[in-house]
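Everything below belongs to input_5.cif, which stores mmCIF, C-alpha atoms.
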data_upload
loop_
_atom_site.label_atom_id
_atom_site.label_comp_id
_atom_site.auth_asym_id
_atom_site.auth_seq_id
_atom_site.Cartn_x
_atom_site.Cartn_y
_atom_site.Cartn_z
CA MET A 1 -8.15 -16.82 13.91
CA VAL A 2 -9.17 -13.67 12.06
CA HIS A 3 -12.86 -12.94 12.15
CA PHE A 4 -14.42 -11.23 9.16
CA THR A 5 -17.80 -9.58 9.64
CA ALA A 6 -20.60 -10.25 7.17
CA GLU A 7 -20.09 -6.75 5.75
CA GLU A 8 -16.35 -7.30 5.29
CA LYS A 9 -16.95 -10.61 3.50
CA ALA A 10 -19.59 -9.02 1.29
CA ALA A 11 -17.26 -6.13 0.39
CA VAL A 12 -14.48 -8.53 -0.59
CA ILE A 13 -16.64 -11.03 -2.45
CA SER A 14 -18.62 -8.48 -4.45
CA LEU A 15 -15.49 -6.71 -5.69
CA TRP A 16 -13.71 -10.01 -6.39
CA ALA A 17 -16.51 -11.09 -8.71
CA ARG A 18 -15.54 -8.24 -11.02
CA VAL A 19 -11.79 -8.77 -10.97
CA ASN A 20 -10.11 -9.94 -14.18
CA VAL A 21 -7.67 -12.28 -12.44
CA GLU A 22 -5.34 -12.61 -15.41
CA LEU A 23 -5.06 -8.85 -15.97
CA VAL A 24 -4.95 -7.79 -12.34
CA GLY A 25 -2.61 -10.63 -11.34
CA GLY A 26 -0.06 -9.56 -13.92
CA GLU A 27 -0.32 -5.93 -12.86
CA VAL A 28 0.05 -6.74 -9.18
CA LEU A 29 3.17 -8.85 -9.60
CA GLY A 30 4.60 -6.42 -12.15
CA ARG A 31 4.17 -3.48 -9.80
CA LEU A 32 5.78 -5.46 -6.96
CA LEU A 33 8.87 -5.99 -9.12
CA VAL A 34 8.97 -2.33 -10.22
CA VAL A 35 8.25 -0.61 -6.91
CA TYR A 36 10.27 -3.03 -4.73
CA PRO A 37 13.04 -4.07 -7.11
CA TRP A 38 14.74 -6.38 -4.60
CA THR A 39 11.77 -8.75 -4.99
CA GLN A 40 13.18 -9.57 -8.43
CA ARG A 41 15.60 -11.82 -6.56
CA PHE A 42 13.03 -14.63 -6.65
CA PHE A 43 12.57 -14.45 -10.40
CA ASP A 44 16.04 -14.80 -11.94
CA ASN A 45 14.69 -17.20 -14.54
CA PHE A 46 11.95 -14.85 -15.73
CA GLY A 47 14.08 -13.25 -18.45
CA ASN A 48 14.06 -9.52 -19.07
CA LEU A 49 13.18 -7.50 -15.95
CA SER A 50 15.42 -4.56 -16.83
CA SER A 51 12.79 -1.82 -17.10
CA GLU A 52 9.20 -0.98 -16.20
CA SER A 53 7.98 -1.87 -19.70
CA ALA A 54 10.04 -5.08 -19.77
CA ILE A 55 8.57 -6.16 -16.44
CA MET A 56 4.96 -5.22 -17.17
CA GLY A 57 5.13 -6.86 -20.61
CA ASN A 58 6.99 -9.98 -19.48
CA PRO A 59 4.82 -13.06 -20.20
CA LYS A 60 6.28 -15.01 -17.26
CA VAL A 61 5.43 -12.15 -14.90
CA LYS A 62 1.86 -12.09 -16.22
CA ALA A 63 1.50 -15.86 -15.95
CA HIS A 64 2.89 -16.00 -12.44
CA GLY A 65 0.82 -13.02 -11.39
CA LYS A 66 -2.29 -14.84 -12.57
CA LYS A 67 -1.23 -17.92 -10.55
CA VAL A 68 -0.69 -15.86 -7.40
CA LEU A 69 -3.97 -14.00 -7.70
CA THR A 70 -5.87 -17.21 -8.45
CA SER A 71 -4.56 -18.50 -5.14
CA PHE A 72 -5.88 -15.34 -3.55
CA GLY A 73 -9.26 -16.22 -4.96
CA ASN A 74 -9.03 -19.43 -2.98
CA ALA A 75 -8.44 -17.37 0.15
CA ILE A 76 -11.69 -15.53 -0.49
CA LYS A 77 -13.56 -18.85 -0.53
CA HIS A 78 -12.01 -19.76 2.83
CA MET A 79 -11.88 -16.52 4.75
CA ASP A 80 -12.70 -18.31 8.00
CA ASP A 81 -9.96 -20.87 7.60
CA LEU A 82 -6.96 -19.16 6.06
CA LYS A 83 -4.22 -20.85 8.11
CA ASP A 84 -5.26 -24.35 7.07
CA THR A 85 -6.01 -23.26 3.51
CA PHE A 86 -2.49 -21.88 3.10
CA ALA A 87 -0.58 -24.42 5.22
CA GLU A 88 0.95 -26.21 2.25
CA LEU A 89 1.76 -23.03 0.38
CA SER A 90 3.34 -21.66 3.55
CA GLU A 91 5.66 -24.65 3.80
CA LEU A 92 6.52 -24.32 0.13
CA HIS A 93 7.41 -20.64 0.45
CA CYS A 94 9.58 -21.36 3.48
CA ASP A 95 11.28 -24.64 2.65
CA LYS A 96 11.58 -24.56 -1.13
CA LEU A 97 11.22 -20.96 -2.27
CA HIS A 98 12.89 -19.27 0.75
CA VAL A 99 10.75 -16.16 0.46
CA ASP A 100 10.99 -13.57 3.26
CA PRO A 101 7.40 -13.28 4.57
CA GLU A 102 7.82 -9.51 4.55
CA ASN A 103 7.22 -9.81 0.81
CA PHE A 104 3.69 -11.09 1.37
CA LYS A 105 2.79 -7.73 2.96
CA LEU A 106 4.33 -5.87 0.03
CA LEU A 107 2.31 -7.94 -2.44
CA GLY A 108 -0.81 -7.25 -0.37
CA ASN A 109 -0.15 -3.50 -0.70
CA MET A 110 0.13 -3.87 -4.47
CA ILE A 111 -3.21 -5.71 -4.60
CA LEU A 112 -4.86 -2.80 -2.79
CA ILE A 113 -3.38 -0.18 -5.08
CA VAL A 114 -4.21 -2.04 -8.29
CA LEU A 115 -7.79 -2.60 -7.09
CA ALA A 116 -7.99 1.14 -6.37
CA THR A 117 -6.97 1.96 -9.95
CA HIS A 118 -9.61 -0.40 -11.37
CA PHE A 119 -12.49 0.26 -8.98
CA SER A 120 -12.27 3.95 -7.99
CA LYS A 121 -15.93 4.27 -7.15
CA GLU A 122 -16.34 1.03 -5.21
CA PHE A 123 -13.09 1.29 -3.27
CA THR A 124 -14.55 3.19 -0.34
CA PRO A 125 -12.58 3.42 2.91
CA GLN A 126 -14.68 0.54 4.30
CA THR A 127 -14.02 -1.65 1.27
CA GLN A 128 -10.33 -0.84 1.48
CA ALA A 129 -10.35 -1.76 5.18
CA ALA A 130 -11.93 -5.16 4.42
CA TRP A 131 -9.35 -5.87 1.73
CA GLN A 132 -6.57 -4.58 3.98
CA LYS A 133 -7.68 -7.07 6.63
CA LEU A 134 -7.78 -9.90 4.09
CA THR A 135 -4.34 -9.24 2.63
CA THR A 136 -2.85 -9.03 6.12
CA ALA A 137 -4.57 -12.27 7.13
CA VAL A 138 -3.35 -14.07 3.99
CA ALA A 139 0.20 -12.77 4.59
CA ASN A 140 0.06 -14.10 8.15
CA ALA A 141 -1.36 -17.45 7.01
CA LEU A 142 1.45 -17.80 4.47
CA ALA A 143 4.01 -17.02 7.15
CA HIS A 144 2.43 -19.33 9.69
CA LYS A 145 4.43 -22.49 8.86
CA TYR A 146 7.79 -20.77 8.74
CA HIS A 147 10.46 -22.12 11.00
CA MET B 1 16.98 4.12 -2.83
CA ALA B 2 17.96 7.70 -3.53
CA LEU B 3 15.56 9.96 -5.38
CA SER B 4 16.83 10.06 -8.94
CA GLY B 5 16.41 13.02 -11.25
CA ALA B 6 13.61 11.12 -12.98
CA ASP B 7 11.87 10.45 -9.65
CA ARG B 8 12.02 14.14 -8.72
CA ALA B 9 10.74 15.28 -12.10
CA ALA B 10 7.88 12.77 -11.93
CA VAL B 11 6.82 13.81 -8.42
CA ARG B 12 6.98 17.52 -9.28
CA ALA B 13 4.91 16.94 -12.42
CA LEU B 14 2.31 14.96 -10.52
CA TRP B 15 2.11 17.62 -7.82
CA ARG B 16 1.51 20.30 -10.46
CA LYS B 17 -1.33 18.17 -11.79
CA LEU B 18 -2.85 17.74 -8.32
CA GLY B 19 -2.85 21.52 -7.99
CA GLY B 20 -5.09 22.83 -5.23
CA ASN B 21 -6.61 19.41 -4.57
CA VAL B 22 -3.77 18.00 -2.46
CA GLY B 23 -5.76 18.84 0.69
CA ILE B 24 -8.74 16.81 -0.51
CA TYR B 25 -6.58 13.78 -1.21
CA ALA B 26 -4.62 14.04 2.05
CA THR B 27 -7.92 14.22 3.93
CA GLU B 28 -9.19 11.12 2.15
CA ALA B 29 -5.88 9.38 2.90
CA LEU B 30 -6.32 10.22 6.60
CA GLU B 31 -9.89 8.85 6.57
CA ARG B 32 -8.66 5.67 4.93
CA THR B 33 -5.84 5.34 7.46
CA PHE B 34 -8.26 5.63 10.38
CA CYS B 35 -10.61 3.11 8.75
CA SER B 36 -8.04 0.45 7.77
CA PHE B 37 -5.70 0.92 10.71
CA PRO B 38 -7.81 1.77 13.75
CA ALA B 39 -4.76 1.98 16.05
CA THR B 40 -3.90 5.28 14.34
CA LYS B 41 -7.04 6.81 15.81
CA THR B 42 -5.46 6.64 19.26
CA TYR B 43 -3.49 9.76 18.38
CA PHE B 44 -6.68 11.74 17.78
CA PRO B 45 -8.93 11.20 20.82
CA HIS B 46 -9.69 14.91 20.73
CA PHE B 47 -10.94 14.81 17.13
CA ASP B 48 -14.33 14.11 15.70
CA LEU B 49 -13.36 11.28 13.35
CA SER B 50 -16.78 10.80 11.77
CA PRO B 51 -17.02 11.06 7.95
CA GLY B 52 -16.83 14.65 6.74
CA SER B 53 -15.29 15.88 9.98
CA ALA B 54 -14.07 19.49 9.74
CA GLN B 55 -11.16 18.65 12.05
CA VAL B 56 -9.97 15.80 9.83
CA LYS B 57 -10.32 18.07 6.80
CA ALA B 58 -8.23 20.77 8.48
CA HIS B 59 -5.64 18.20 9.45
CA GLY B 60 -5.62 16.83 5.92
CA GLN B 61 -4.78 20.31 4.68
CA LYS B 62 -1.88 20.51 7.15
CA VAL B 63 -0.54 17.18 5.88
CA ALA B 64 -1.00 18.39 2.30
CA ASP B 65 0.91 21.62 2.98
CA ALA B 66 3.76 19.64 4.54
CA LEU B 67 3.94 17.33 1.51
CA THR B 68 3.89 20.31 -0.85
CA THR B 69 6.77 21.81 1.13
CA ALA B 70 8.58 18.49 0.77
CA VAL B 71 8.04 18.50 -3.00
CA ALA B 72 9.53 22.00 -3.13
CA HIS B 73 12.62 20.83 -1.21
CA LEU B 74 13.42 17.45 -2.69
CA ASP B 75 17.14 18.22 -2.39
CA ASP B 76 16.95 18.62 1.35
CA LEU B 77 14.05 16.71 2.85
CA PRO B 78 15.62 16.26 6.31
CA GLY B 79 16.21 20.01 6.52
CA ALA B 80 12.79 20.98 5.22
CA LEU B 81 11.00 18.53 7.50
CA SER B 82 13.23 18.96 10.56
CA ALA B 83 10.74 20.94 12.65
CA LEU B 84 7.85 18.63 11.74
CA GLY B 85 10.00 15.61 12.58
CA ALA B 86 10.86 17.07 15.98
CA LEU B 87 7.19 17.83 16.62
CA HIS B 88 6.11 14.26 15.83
CA ALA B 89 9.00 12.79 17.81
CA HIS B 90 9.00 14.85 20.97
CA ARG B 91 5.62 16.51 21.36
CA LEU B 92 3.13 14.29 19.52
CA ARG B 93 5.18 11.14 20.08
CA VAL B 94 3.71 9.24 17.15
CA ASP B 95 5.10 5.78 16.48
CA PRO B 96 7.01 6.36 13.21
CA ALA B 97 5.74 3.03 11.82
CA HIS B 98 2.40 4.80 11.29
CA PHE B 99 3.85 7.21 8.73
CA GLN B 100 4.05 4.31 6.28
CA LEU B 101 0.38 3.52 6.82
CA LEU B 102 -0.60 7.06 5.85
CA SER B 103 1.79 6.90 2.85
CA HIS B 104 0.13 3.68 1.70
CA CYS B 105 -3.35 5.19 2.03
CA LEU B 106 -2.22 8.25 0.09
CA LEU B 107 -1.04 5.94 -2.71
CA VAL B 108 -4.42 4.16 -2.66
CA THR B 109 -6.21 7.54 -2.76
CA LEU B 110 -4.18 8.83 -5.70
CA ALA B 111 -4.54 5.46 -7.48
CA ARG B 112 -8.32 5.85 -7.20
CA HIS B 113 -8.43 9.42 -8.47
CA TYR B 114 -5.67 9.22 -11.08
CA PRO B 115 -5.59 5.59 -12.26
CA GLY B 116 -4.15 6.56 -15.63
CA ASP B 117 -1.39 8.63 -14.08
CA LEU B 118 -0.21 6.07 -11.59
CA ALA B 119 1.61 3.77 -13.99
CA PRO B 120 4.14 1.50 -12.26
CA ALA B 121 7.14 3.83 -12.75
CA MET B 122 5.21 6.84 -11.35
CA HIS B 123 3.94 4.64 -8.52
CA ALA B 124 7.56 3.68 -7.77
CA SER B 125 8.74 7.33 -7.78
CA LEU B 126 5.89 8.41 -5.53
CA HIS B 127 6.50 5.50 -3.17
CA LYS B 128 10.20 6.46 -2.97
CA PHE B 129 9.34 10.11 -2.33
CA LEU B 130 6.97 9.19 0.50
CA SER B 131 9.60 6.82 1.96
CA HIS B 132 12.08 9.69 1.99
CA VAL B 133 9.53 11.96 3.69
CA THR B 134 8.92 9.25 6.28
CA SER B 135 12.67 8.78 6.87
CA ALA B 136 13.19 12.53 7.16
CA LEU B 137 10.46 12.74 9.82
CA ALA B 138 11.79 9.69 11.66
CA SER B 139 15.37 11.01 11.62
CA ARG B 140 14.46 13.39 14.45
CA TYR B 141 13.42 10.53 16.73
CA GLY B 142 15.57 9.21 19.55
#
Mind converting the file's structure to structure tokens?
Amino acid sequence: MVHFTAEEKAAVISLWARVNVELVGGEVLGRLLVVYPWTQRFFDNFGNLSSESAIMGNPKVKAHGKKVLTSFGNAIKHMDDLKDTFAELSELHCDKLHVDPENFKLLGNMILIVLATHFSKEFTPQTQAAWQKLTTAVANALAHKYH
Amino acid sequence: MALSGADRAAVRALWRKLGGNVGIYATEALERTFCSFPATKTYFPHFDLSPGSAQVKAHGQKVADALTTAVAHLDDLPGALSALGALHAHRLRVDPAHFQLLSHCLLVTLARHYPGDLAPAMHASLHKFLSHVTSALASRYG
């Protein structure tokens, strides 16, 4: 089980309180699809993903990004119990969605970079480290039920 | 993912914008790498790694100079980075997986300082460039 110190939790929670989940979620997923184009393989039914502007403006990308980041918000409420919190989602991603867990790490990287663009001042090395730890832990929790 | 003409133009333009500050950003990227990925500190037991360290700053400048050289030789990254690759492989013996960690922290650093400039397409070009630098360094291993 990953242990988060009080300082790490505080760093994550205080920044999260200021995140516009709808806006940031869309940006995070959009960037994933632009920077790692092979991830588009999971979104064949999302319509036009043919260019950066098409992807970033795509309403399905924005909606799904919001969904994904909202789930992340749930992780922040259960930082001491991520494996159980994400057990069902892990099974879903393995058995129904067939997503390579490597992608969870890539999405985590996008979260970090988008947060850095929105919160330059607050995103100190220590804050980044706390978020880095969280995204890695969530990625591992999502991969935990794979078989 | 080869570096397209558009990728090269974008990276060159960004580098012109960064100007003489590349050293500052590379240093910050190093600090962030040490902070987020403590295993990377094992390669610097001889360094003072506390915030503001002169040694980290000097090393940041070295990294910056290498990246600037890379930007100037986008048509032949393996050639331009051959000696550095050999150094990291045979003398320093750094696990090449760590190069990606530094690349990621450099992206975070630039995203912080230039949020308006790091639109998704620029982010993608920069990510590709850094991946090519990493591959060029790693090609001297083994």
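Residues within 12 Å of Lys77 (chain A), counting all atoms listed in the file and excluding same-chain residues fewer than 3 positions away, are Lys9, Ala10, Val12, Ile13, Trp16, Ala17, Thr70, Ser71, Phe72, Gly73, Asn74, Asp80, Asp81, Leu82, Thr85 and Leu134 of chain A.
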Distance limit 6 Å, atoms considered: all atoms listed in the file. Which chain A residues sit that close to chain B? Return them as a PyMOL selection string. chain A and resi 31+35+113+116-117+120+125+129
Excluding Gly5 (chain B) and residues on its chain fewer than 2 positions from it, collect all residues at most 12 Å away from it, counting all atoms listed in the file, and give them as a VMD selection string. chain B and resid 2 to 3 7 to 12 74 to 75 125 129
Selection under test: the PyMOL selection byres ((chain B and resi 138-141) around 12); residues as a count of residues only: 31
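Atom to atom, CA of Leu101 (chain B) and CA of Thr40 (chain B) stand 8.8 Å apart.
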Can you spell out as a list in words the set of residues that the PyMOL selection byres ((chain A and resi 48) around 10) selects in the structure I just provided? Asp44, Asn45, Phe46, Gly47, Leu49, Ser50, Ser51, Ser53, Ala54, Ile55, Gly57, Asn58, Pro59, Lys60 and Val61 of chain A
Skip Val19 (chain A) itself and residues of its chain fewer than 6 positions away, then list as a PyMOL selection string all residues within 10 Å of it, counting only C-alpha atoms. chain A and resi 25+69+73+115+118-119
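Straight-line separation from CA of Val24 (chain A) to CA of His78 (chain A): 20.6 Å.
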Kindly output region 54-75 of chain B as a PDB file, in the coordinates of the input, after building N, CA and C atoms.
ATOM      1  N   ALA B  54     -14.804  18.264  10.070  1.00  0.00           N
ATOM      2  CA  ALA B  54     -14.070  19.490   9.740  1.00  0.00           C
ATOM      3  C   ALA B  54     -12.646  19.416  10.302  1.00  0.00           C
ATOM      4  N   GLN B  55     -12.481  18.739  11.453  1.00  0.00           N
ATOM      5  CA  GLN B  55     -11.160  18.650  12.050  1.00  0.00           C
ATOM      6  C   GLN B  55     -10.227  17.787  11.203  1.00  0.00           C
ATOM      7  N   VAL B  56     -10.786  16.684  10.674  1.00  0.00           N
ATOM      8  CA  VAL B  56      -9.970  15.800   9.830  1.00  0.00           C
ATOM      9  C   VAL B  56      -9.597  16.529   8.542  1.00  0.00           C
ATOM     10  N   LYS B  57     -10.564  17.297   8.024  1.00  0.00           N
ATOM     11  CA  LYS B  57     -10.320  18.070   6.800  1.00  0.00           C
ATOM     12  C   LYS B  57      -9.196  19.080   7.026  1.00  0.00           C
ATOM     13  N   ALA B  58      -9.257  19.771   8.172  1.00  0.00           N
ATOM     14  CA  ALA B  58      -8.230  20.770   8.480  1.00  0.00           C
ATOM     15  C   ALA B  58      -6.874  20.076   8.648  1.00  0.00           C
ATOM     16  N   HIS B  59      -6.893  18.902   9.275  1.00  0.00           N
ATOM     17  CA  HIS B  59      -5.640  18.200   9.450  1.00  0.00           C
ATOM     18  C   HIS B  59      -5.096  17.678   8.130  1.00  0.00           C
ATOM     19  N   GLY B  60      -6.004  17.260   7.264  1.00  0.00           N
ATOM     20  CA  GLY B  60      -5.620  16.830   5.920  1.00  0.00           C
ATOM     21  C   GLY B  60      -4.912  17.946   5.180  1.00  0.00           C
ATOM     22  N   GLN B  61      -5.401  19.164   5.342  1.00  0.00           N
ATOM     23  CA  GLN B  61      -4.780  20.310   4.680  1.00  0.00           C
ATOM     24  C   GLN B  61      -3.376  20.554   5.225  1.00  0.00           C
ATOM     25  N   LYS B  62      -3.208  20.356   6.538  1.00  0.00           N
ATOM     26  CA  LYS B  62      -1.880  20.510   7.150  1.00  0.00           C
ATOM     27  C   LYS B  62      -0.900  19.498   6.561  1.00  0.00           C
ATOM     28  N   VAL B  63      -1.378  18.246   6.449  1.00  0.00           N
ATOM     29  CA  VAL B  63      -0.540  17.180   5.880  1.00  0.00           C
ATOM     30  C   VAL B  63      -0.192  17.534   4.434  1.00  0.00           C
ATOM     31  N   ALA B  64      -1.197  18.016   3.701  1.00  0.00           N
ATOM     32  CA  ALA B  64      -1.000  18.390   2.300  1.00  0.00           C
ATOM     33  C   ALA B  64       0.048  19.485   2.168  1.00  0.00           C
ATOM     34  N   ASP B  65      -0.051  20.505   3.033  1.00  0.00           N
ATOM     35  CA  ASP B  65       0.910  21.620   2.980  1.00  0.00           C
ATOM     36  C   ASP B  65       2.325  21.121   3.262  1.00  0.00           C
ATOM     37  N   ALA B  66       2.442  20.195   4.209  1.00  0.00           N
ATOM     38  CA  ALA B  66       3.760  19.640   4.540  1.00  0.00           C
ATOM     39  C   ALA B  66       4.329  18.874   3.345  1.00  0.00           C
ATOM     40  N   LEU B  67       3.479  18.093   2.673  1.00  0.00           N
ATOM     41  CA  LEU B  67       3.940  17.330   1.510  1.00  0.00           C
ATOM     42  C   LEU B  67       4.326  18.263   0.372  1.00  0.00           C
ATOM     43  N   THR B  68       3.568  19.328   0.200  1.00  0.00           N
ATOM     44  CA  THR B  68       3.890  20.310  -0.850  1.00  0.00           C
ATOM     45  C   THR B  68       5.224  20.984  -0.551  1.00  0.00           C
ATOM     46  N   THR B  69       5.465  21.276   0.721  1.00  0.00           N
ATOM     47  CA  THR B  69       6.770  21.810   1.130  1.00  0.00           C
ATOM     48  C   THR B  69       7.864  20.805   0.786  1.00  0.00           C
ATOM     49  N   ALA B  70       7.595  19.544   1.070  1.00  0.00           N
ATOM     50  CA  ALA B  70       8.580  18.490   0.770  1.00  0.00           C
ATOM     51  C   ALA B  70       8.884  18.444  -0.714  1.00  0.00           C
ATOM     52  N   VAL B  71       7.838  18.536  -1.551  1.00  0.00           N
ATOM     53  CA  VAL B  71       8.040  18.500  -3.000  1.00  0.00           C
ATOM     54  C   VAL B  71       8.906  19.676  -3.455  1.00  0.00           C
ATOM     55  N   ALA B  72       8.755  20.810  -2.765  1.00  0.00           N
ATOM     56  CA  ALA B  72       9.530  22.000  -3.130  1.00  0.00           C
ATOM     57  C   ALA B  72      10.971  21.925  -2.634  1.00  0.00           C
ATOM     58  N   HIS B  73      11.272  20.943  -1.786  1.00  0.00           N
ATOM     59  CA  HIS B  73      12.620  20.830  -1.210  1.00  0.00           C
ATOM     60  C   HIS B  73      13.159  19.423  -1.326  1.00  0.00           C
ATOM     61  N   LEU B  74      13.010  18.835  -2.506  1.00  0.00           N
ATOM     62  CA  LEU B  74      13.420  17.450  -2.690  1.00  0.00           C
ATOM     63  C   LEU B  74      14.922  17.258  -2.475  1.00  0.00           C
ATOM     64  N   ASP B  75      15.689  18.338  -2.583  1.00  0.00           N
ATOM     65  CA  ASP B  75      17.140  18.220  -2.390  1.00  0.00           C
ATOM     66  C   ASP B  75      17.537  18.214  -0.935  1.00  0.00           C
TER      67      ASP B  75
END
